[in-house]
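Participant: Sharing a structure, written as structure tokens. Questions coming.
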Amino acid sequence: MKKSDRTARLAQSDIRAMTLACAKVNGINMSQGVCDTPVPPVVVQAAQQAMAQGHNTYARFDGIAGLREAIADKLASYNHITADPETQITVSAGATGSFQATCMALLNPGDEVILFEPFYAYHVQAILAVEAVPRYVTMRPPDWNLDVKSLEQAVTSKAKAIVVNSPGNPSGKVFTRRELEQIAEIVCRHDLLVITDEIYEYFVFDGREHISMASLPGMADRTITIGGYSKTFSITGWRIGYSVAEASWAKAIGAMSDVLYVCAPTPLQHGVAAGIRALGPSFYRELAVEHQQKRNRFCGALAKAGLPPAVPQGAYYVLADVSRVPGKTSRERALYLLDKTGVAGVPGEAFFEGPEGSRYMRFCMAKTDSDLEKASRAIERFAS
Ligand SMILES: Cc1ncc(COP(=O)(O)O)c(C=O)c1O
């Protein structure tokens with residue numbers, strides 16, 4: 001039996017491959033974006049309580065009312081986005097589920113979608129899965145500043161959407177207000193839409209501010225804002241994310257999410273809703289401070305080892321220049337480094353369409369302090 005053409009276009013995940021290679025040598029896995037940090041107790045307790053109280057059946061396709069309302073309040077206070085929880089918010093199976101449902105609801109085969117490179121590979125895969133066409137606008141380290149001219153050049157008559165992932169994976173890029181305004185101007189002039197991925201919205205460093213595209217004048221009705229709690233509450237396995245969109249788009253996204261996932265896990269939605277209600281600004285501030293410290297420690301080690309990091313402005317990954325590590329490709333270099341240090345990262349090719357990827361590796365820094373310390377020391381020893 002032949003597989004679909006769609007399947008043939010999907011790339012195998014380098015991240016999973018490195019995770020397997022790492023497990024074989026019992027190394028420190030800095031390849032996968034899973035957080036080893038603890039889940040806030042209030043979130044776990046509320047989920048357990050929901051199960052004990054019998055909230056174990058399907059939820060409404062777009063999420064339980066309590067979670068949609070909690071997200072709406074958070075959107076108003078943190079993101080400066082006004083959203084009706086009854087008609088505009090769709091809870092789905094993680095931000096990944098929200099992104100896929102959005103692509104299915106709003107893109108036709110052949111529609112072009114612009115992404116900034118380096119990109120998050122799942123975005124590309126989701127776009128390919130609906131037979132839309134990714135177009136890349138390359139950003140350059142160390143700051144990954146927006147090149148407005150390149151963006152303008154990437155907009156063709158087939159362009160439908162721009163993906164903005166801020167803070168970004170893998171670059172850690174945090175788009176400034178000015179950059180978002182420049183993107184918004186192009187979006188409005190060419191009648192495009194924006195799909196954001198703001199899953200790292202609380203992981204912003206050095207006093208930077210997270211700004212949501214949908215909070216900019218005129219952008220609320222053109223933007224699908226995607227977020228989730230995998231990273232913020234360290235619950236990547238729970239699969240709770242959401243999208244926010246203009247009501248008729250939200251209806252279409254909700255219908256697709258229903259087809260794909262039926263609903264996000266009901267008791268876990270209760271857990272996340274309780275977490276959003278219970279945890280105040282200090283929780284989110286500490287999250288940023290803690291990850292900024294992890295960033296400083298590990299980027300310091302990379303620099304010492306002669307693997308210069310593009311120090312991230314947010315999120316919890318770092319791209320390091322590993323061109324001095326033996327190997328022809330980044331994959332060979334990643335395996336060499338794993339062999340010598342016991343630290344696994346992802347080959348840079350996974351995040352670039354062009355050849356630049358071969359000089360980079362991405363490391364996930366959301367590790368426990370003790371694992372991060374072990375990894376930092378191993379990388380520092382690599383210097384000698
Ligand atoms: C940019 C980005 N979006 C989405 C996700 C996944 O989010 P979720 O677990 O909510 O599907 C990740 C995880 O690594 C990510 O880096």
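Ligands are numbered from 1 in the order shown, chains are lettered A, B, ... in the order of the structure tokens, and residues start at 1 in each chain.
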At most 9 Å is the cut-off: for each residue in range 271-323 of chain A with any atom that close to an atom of range 143-162 of chain A, write down the nearest atom pair and the distance in Å rounded to one decimal, counting only C-alpha atoms, chain first then increasing number, as JSON lines.
Facilitator:
```
{"residue": "A:Ala310", "atom": "CA", "partner": "A:Asp143", "partner_atom": "CA", "distance": 7.6}
{"residue": "A:Val311", "atom": "CA", "partner": "A:Asp143", "partner_atom": "CA", "distance": 8.3}
{"residue": "A:Pro312", "atom": "CA", "partner": "A:Asp143", "partner_atom": "CA", "distance": 8.2}
{"residue": "A:Gln313", "atom": "CA", "partner": "A:Asp143", "partner_atom": "CA", "distance": 8.3}
```
Participant: May I have the residues within 7 Å of ligand 1, computed using only C-alpha atoms and all ligand atoms, as a list of chain:residue names?
Facilitator: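 Based on only C-alpha atoms and all ligand atoms, ligand 1 is surrounded within 7 Å by A:Gly33, A:Ala93, A:Gly94, A:Ala95, A:Thr96, A:Gly97, A:Tyr120, A:Asn165, A:Gly168, A:Asn169, A:Asp197, A:Ile199, A:Gly228, A:Tyr229, A:Ser230, A:Thr236, A:Arg239, A:Ile240, A:Gly241.
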Participant: Can you list every residue in range 3-186 of chain A that DSSP puts in strand (DSSP E or B), as a list of chain:residue names?
Facilitator: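 Listing strand (DSSP E or B) positions across range 3-186 of chain A yields A:Ile28, A:Asn29, A:Ile89, A:Thr90, A:Val91, A:Ser92, A:Ala93, A:Glu112, A:Val113, A:Ile114, A:Leu115, A:Phe116, A:Glu117, A:Val133, A:Pro134, A:Arg135, A:Tyr136, A:Val137, A:Thr138, A:Ala159, A:Lys160, A:Ala161, A:Ile162, A:Val163, A:Val164, A:Asn165.
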Participant: Export, as a CSV table (one decimal), in the first residue's frame, the selected residues with N, CA, C and O atoms.
Facilitator:
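Generated file (selection.csv):
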```csv
chain,number,residue,atom,x,y,z
A,28,ILE,N,23.0,13.8,28.9
A,28,ILE,CA,22.0,14.9,29.4
A,28,ILE,C,21.3,15.4,28.1
A,28,ILE,O,22.0,15.9,27.2
A,29,ASN,N,20.0,15.2,28.1
A,29,ASN,CA,19.3,15.5,26.9
A,29,ASN,C,18.9,17.0,26.8
A,29,ASN,O,17.9,17.4,27.5
A,89,ILE,N,-12.3,32.2,21.7
A,89,ILE,CA,-11.2,31.4,22.2
A,89,ILE,C,-11.5,29.9,22.0
A,89,ILE,O,-12.6,29.4,22.3
A,90,THR,N,-10.5,29.2,21.5
A,90,THR,CA,-10.6,27.7,21.2
A,90,THR,C,-9.5,27.0,22.0
A,90,THR,O,-8.3,27.2,21.6
A,91,VAL,N,-9.8,26.3,23.0
A,91,VAL,CA,-8.8,25.5,23.6
A,91,VAL,C,-8.6,24.2,22.8
A,91,VAL,O,-9.6,23.6,22.3
A,92,SER,N,-7.3,23.8,22.6
A,92,SER,CA,-7.1,22.7,21.7
A,92,SER,C,-6.0,21.8,22.3
A,92,SER,O,-5.5,22.1,23.5
A,93,ALA,N,-5.5,20.8,21.6
A,93,ALA,CA,-4.5,19.9,22.1
A,93,ALA,C,-3.1,20.5,22.0
A,93,ALA,O,-2.3,20.2,21.1
A,112,GLU,N,0.6,30.8,0.2
A,112,GLU,CA,2.0,30.9,0.7
A,112,GLU,C,1.9,31.5,2.1
A,112,GLU,O,1.2,32.4,2.4
A,113,VAL,N,2.8,30.9,2.9
A,113,VAL,CA,2.9,31.3,4.3
A,113,VAL,C,4.3,31.7,4.6
A,113,VAL,O,5.2,30.9,4.4
A,114,ILE,N,4.6,32.9,5.1
A,114,ILE,CA,5.9,33.4,5.3
A,114,ILE,C,6.3,33.1,6.7
A,114,ILE,O,5.6,33.3,7.7
A,115,LEU,N,7.5,32.5,6.9
A,115,LEU,CA,8.1,32.2,8.2
A,115,LEU,C,9.5,32.8,8.3
A,115,LEU,O,10.2,33.0,7.3
A,116,PHE,N,9.8,33.2,9.5
A,116,PHE,CA,11.2,33.7,9.7
A,116,PHE,C,12.1,32.6,10.0
A,116,PHE,O,11.8,31.7,10.8
A,117,GLU,N,13.3,32.6,9.3
A,117,GLU,CA,14.3,31.5,9.5
A,117,GLU,C,15.4,32.1,10.4
A,117,GLU,O,15.9,33.2,10.1
A,133,VAL,N,2.3,26.5,1.1
A,133,VAL,CA,3.7,26.6,0.7
A,133,VAL,C,4.5,27.5,1.6
A,133,VAL,O,4.2,28.7,1.7
A,134,PRO,N,5.5,27.0,2.4
A,134,PRO,CA,6.3,27.9,3.2
A,134,PRO,C,7.2,28.8,2.4
A,134,PRO,O,7.8,28.3,1.5
A,135,ARG,N,7.4,30.0,2.8
A,135,ARG,CA,8.4,30.9,2.2
A,135,ARG,C,9.2,31.5,3.4
A,135,ARG,O,8.6,31.8,4.4
A,136,TYR,N,10.5,31.6,3.2
A,136,TYR,CA,11.4,31.9,4.3
A,136,TYR,C,12.0,33.3,4.2
A,136,TYR,O,12.4,33.7,3.1
A,137,VAL,N,12.0,34.0,5.3
A,137,VAL,CA,12.7,35.3,5.4
A,137,VAL,C,13.8,35.0,6.5
A,137,VAL,O,13.5,34.8,7.6
A,138,THR,N,15.1,35.1,6.0
A,138,THR,CA,16.2,34.8,6.9
A,138,THR,C,16.5,35.9,7.8
A,138,THR,O,16.6,37.1,7.4
A,159,ALA,N,0.6,35.1,-1.4
A,159,ALA,CA,0.8,35.1,0.1
A,159,ALA,C,-0.5,35.3,0.8
A,159,ALA,O,-1.4,36.0,0.4
A,160,LYS,N,-0.6,34.5,1.9
A,160,LYS,CA,-1.8,34.5,2.7
A,160,LYS,C,-1.6,34.9,4.1
A,160,LYS,O,-2.3,35.6,4.8
A,161,ALA,N,-0.4,34.4,4.6
A,161,ALA,CA,-0.2,34.6,6.1
A,161,ALA,C,1.3,34.8,6.4
A,161,ALA,O,2.1,34.3,5.6
A,162,ILE,N,1.5,35.4,7.6
A,162,ILE,CA,2.9,35.4,8.1
A,162,ILE,C,2.9,34.8,9.5
A,162,ILE,O,1.9,35.1,10.3
A,163,VAL,N,3.8,34.0,9.8
A,163,VAL,CA,3.9,33.4,11.1
A,163,VAL,C,4.9,34.2,12.0
A,163,VAL,O,6.0,34.4,11.5
A,164,VAL,N,4.5,34.6,13.1
A,164,VAL,CA,5.4,35.3,14.0
A,164,VAL,C,5.5,34.5,15.3
A,164,VAL,O,4.5,34.4,16.1
A,165,ASN,N,6.6,34.0,15.6
A,165,ASN,CA,6.9,33.2,16.8
A,165,ASN,C,7.8,34.1,17.7
A,165,ASN,O,9.0,34.2,17.5
```
Participant: Quick one: residues within 9 Å of range 40-49 of chain A, only C-alpha atoms counted, chain neighbours fewer than 5 positions away excluded, as a PDB file with N, CA, C and O atoms, in the first residue's frame?
Facilitator:
```
ATOM      1  N   GLY A  54     -15.212  13.640  38.984  1.00  0.00           N
ATOM      2  CA  GLY A  54     -15.934  13.079  37.848  1.00  0.00           C
ATOM      3  C   GLY A  54     -15.892  13.894  36.558  1.00  0.00           C
ATOM      4  O   GLY A  54     -16.691  13.652  35.649  1.00  0.00           O
ATOM      5  N   HIS A  55     -14.950  14.831  36.459  1.00  0.00           N
ATOM      6  CA  HIS A  55     -14.842  15.592  35.194  1.00  0.00           C
ATOM      7  C   HIS A  55     -13.970  14.817  34.210  1.00  0.00           C
ATOM      8  O   HIS A  55     -12.881  15.248  33.848  1.00  0.00           O
ATOM      9  N   PHE A 233       3.683  26.110  32.686  1.00  0.00           N
ATOM     10  CA  PHE A 233       3.412  25.271  33.856  1.00  0.00           C
ATOM     11  C   PHE A 233       4.196  23.945  33.806  1.00  0.00           C
ATOM     12  O   PHE A 233       3.918  23.041  34.601  1.00  0.00           O
ATOM     13  N   SER A 234       5.121  23.815  32.877  1.00  0.00           N
ATOM     14  CA  SER A 234       5.903  22.566  32.726  1.00  0.00           C
ATOM     15  C   SER A 234       5.007  21.343  32.566  1.00  0.00           C
ATOM     16  O   SER A 234       5.160  20.343  33.263  1.00  0.00           O
ATOM     17  N   THR A 266     -10.139  16.885  29.535  1.00  0.00           N
ATOM     18  CA  THR A 266     -11.036  17.677  30.383  1.00  0.00           C
ATOM     19  C   THR A 266     -10.473  17.979  31.782  1.00  0.00           C
ATOM     20  O   THR A 266     -10.405  19.148  32.177  1.00  0.00           O
ATOM     21  N   PRO A 267     -10.043  16.962  32.557  1.00  0.00           N
ATOM     22  CA  PRO A 267      -9.606  17.301  33.924  1.00  0.00           C
ATOM     23  C   PRO A 267      -8.362  18.191  33.919  1.00  0.00           C
ATOM     24  O   PRO A 267      -8.182  19.015  34.825  1.00  0.00           O
ATOM     25  N   LEU A 268      -7.556  18.038  32.886  1.00  0.00           N
ATOM     26  CA  LEU A 268      -6.330  18.840  32.825  1.00  0.00           C
ATOM     27  C   LEU A 268      -6.652  20.301  32.493  1.00  0.00           C
ATOM     28  O   LEU A 268      -5.945  21.220  32.913  1.00  0.00           O
ATOM     29  N   GLN A 269      -7.755  20.510  31.785  1.00  0.00           N
ATOM     30  CA  GLN A 269      -8.205  21.888  31.552  1.00  0.00           C
ATOM     31  C   GLN A 269      -8.562  22.547  32.879  1.00  0.00           C
ATOM     32  O   GLN A 269      -8.283  23.728  33.093  1.00  0.00           O
ATOM     33  N   HIS A 270      -9.176  21.756  33.782  1.00  0.00           N
ATOM     34  CA  HIS A 270      -9.507  22.299  35.109  1.00  0.00           C
ATOM     35  C   HIS A 270      -8.226  22.692  35.849  1.00  0.00           C
ATOM     36  O   HIS A 270      -8.183  23.724  36.519  1.00  0.00           O
ATOM     37  N   GLY A 271      -7.200  21.854  35.734  1.00  0.00           N
ATOM     38  CA  GLY A 271      -5.925  22.148  36.401  1.00  0.00           C
ATOM     39  C   GLY A 271      -5.324  23.445  35.907  1.00  0.00           C
ATOM     40  O   GLY A 271      -4.899  24.301  36.702  1.00  0.00           O
ATOM     41  N   VAL A 272      -5.319  23.615  34.587  1.00  0.00           N
ATOM     42  CA  VAL A 272      -4.715  24.822  34.012  1.00  0.00           C
ATOM     43  C   VAL A 272      -5.531  26.063  34.388  1.00  0.00           C
ATOM     44  O   VAL A 272      -4.968  27.108  34.754  1.00  0.00           O
ATOM     45  N   ALA A 273      -6.865  25.936  34.356  1.00  0.00           N
ATOM     46  CA  ALA A 273      -7.718  27.080  34.716  1.00  0.00           C
ATOM     47  C   ALA A 273      -7.415  27.518  36.154  1.00  0.00           C
ATOM     48  O   ALA A 273      -7.271  28.717  36.435  1.00  0.00           O
ATOM     49  N   ALA A 274      -7.265  26.540  37.046  1.00  0.00           N
ATOM     50  CA  ALA A 274      -6.984  26.876  38.456  1.00  0.00           C
ATOM     51  C   ALA A 274      -5.621  27.559  38.564  1.00  0.00           C
ATOM     52  O   ALA A 274      -5.452  28.518  39.330  1.00  0.00           O
ATOM     53  N   GLY A 275      -4.661  27.081  37.801  1.00  0.00           N
ATOM     54  CA  GLY A 275      -3.326  27.685  37.826  1.00  0.00           C
ATOM     55  C   GLY A 275      -3.355  29.137  37.367  1.00  0.00           C
ATOM     56  O   GLY A 275      -2.740  30.015  37.985  1.00  0.00           O
ATOM     57  N   ILE A 276      -4.081  29.389  36.291  1.00  0.00           N
ATOM     58  CA  ILE A 276      -4.144  30.766  35.771  1.00  0.00           C
ATOM     59  C   ILE A 276      -4.777  31.683  36.818  1.00  0.00           C
ATOM     60  O   ILE A 276      -4.327  32.811  37.047  1.00  0.00           O
ATOM     61  N   ALA A 278      -4.911  31.169  40.119  1.00  0.00           N
ATOM     62  CA  ALA A 278      -4.234  31.230  41.429  1.00  0.00           C
ATOM     63  C   ALA A 278      -2.872  31.916  41.390  1.00  0.00           C
ATOM     64  O   ALA A 278      -2.452  32.527  42.377  1.00  0.00           O
ATOM     65  N   LEU A 279      -2.163  31.797  40.270  1.00  0.00           N
ATOM     66  CA  LEU A 279      -0.765  32.260  40.273  1.00  0.00           C
ATOM     67  C   LEU A 279      -0.687  33.724  39.857  1.00  0.00           C
ATOM     68  O   LEU A 279      -1.225  34.107  38.804  1.00  0.00           O
TER      69      LEU A 279
END
```
Participant: Could you pull the residues within 7 Å of range 80-84 of chain A, counting only C-alpha atoms, minus those fewer than 6 positions along the same chain, as a PyMOL selection string?
Facilitator: chain A and resi 72+214-215
Participant: Show me, as a PDB file with C-alpha atoms, in the first residue's frame, the residues that have an atom within 12 Å of Tyr336 in chain A when counting only C-alpha atoms, minus same-chain residues fewer than 4 positions from it.
Facilitator:
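Final file, part_24.pdb:
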```
ATOM      1  CA  MET A  18      19.001  12.924  19.156  1.00  0.00           C
ATOM      2  CA  ALA A  21      21.038   8.709  20.739  1.00  0.00           C
ATOM      3  CA  CYS A  22      21.289  10.505  24.088  1.00  0.00           C
ATOM      4  CA  VAL A 322      29.606  24.634  16.498  1.00  0.00           C
ATOM      5  CA  ARG A 324      34.842  24.215  15.213  1.00  0.00           C
ATOM      6  CA  VAL A 325      33.506  20.783  16.217  1.00  0.00           C
ATOM      7  CA  PRO A 326      34.720  18.038  13.850  1.00  0.00           C
ATOM      8  CA  GLY A 327      32.136  16.889  11.274  1.00  0.00           C
ATOM      9  CA  LYS A 328      30.823  17.856   7.865  1.00  0.00           C
ATOM     10  CA  THR A 329      27.234  18.410   8.914  1.00  0.00           C
ATOM     11  CA  SER A 330      25.687  19.650  12.101  1.00  0.00           C
ATOM     12  CA  ARG A 331      24.296  16.153  12.635  1.00  0.00           C
ATOM     13  CA  GLU A 332      27.843  14.721  12.648  1.00  0.00           C
ATOM     14  CA  LYS A 340      32.786  13.692  23.932  1.00  0.00           C
ATOM     15  CA  THR A 341      30.613  15.521  26.464  1.00  0.00           C
ATOM     16  CA  GLY A 342      27.482  13.415  27.060  1.00  0.00           C
ATOM     17  CA  VAL A 343      25.391  16.473  26.144  1.00  0.00           C
ATOM     18  CA  ALA A 344      22.810  16.121  23.376  1.00  0.00           C
ATOM     19  CA  GLY A 345      21.591  19.045  21.276  1.00  0.00           C
ATOM     20  CA  PRO A 347      21.578  19.708  14.679  1.00  0.00           C
ATOM     21  CA  MET A 361      23.329  23.351  17.242  1.00  0.00           C
ATOM     22  CA  PHE A 382      35.329  20.357  25.839  1.00  0.00           C
TER      23      PHE A 382
END
```
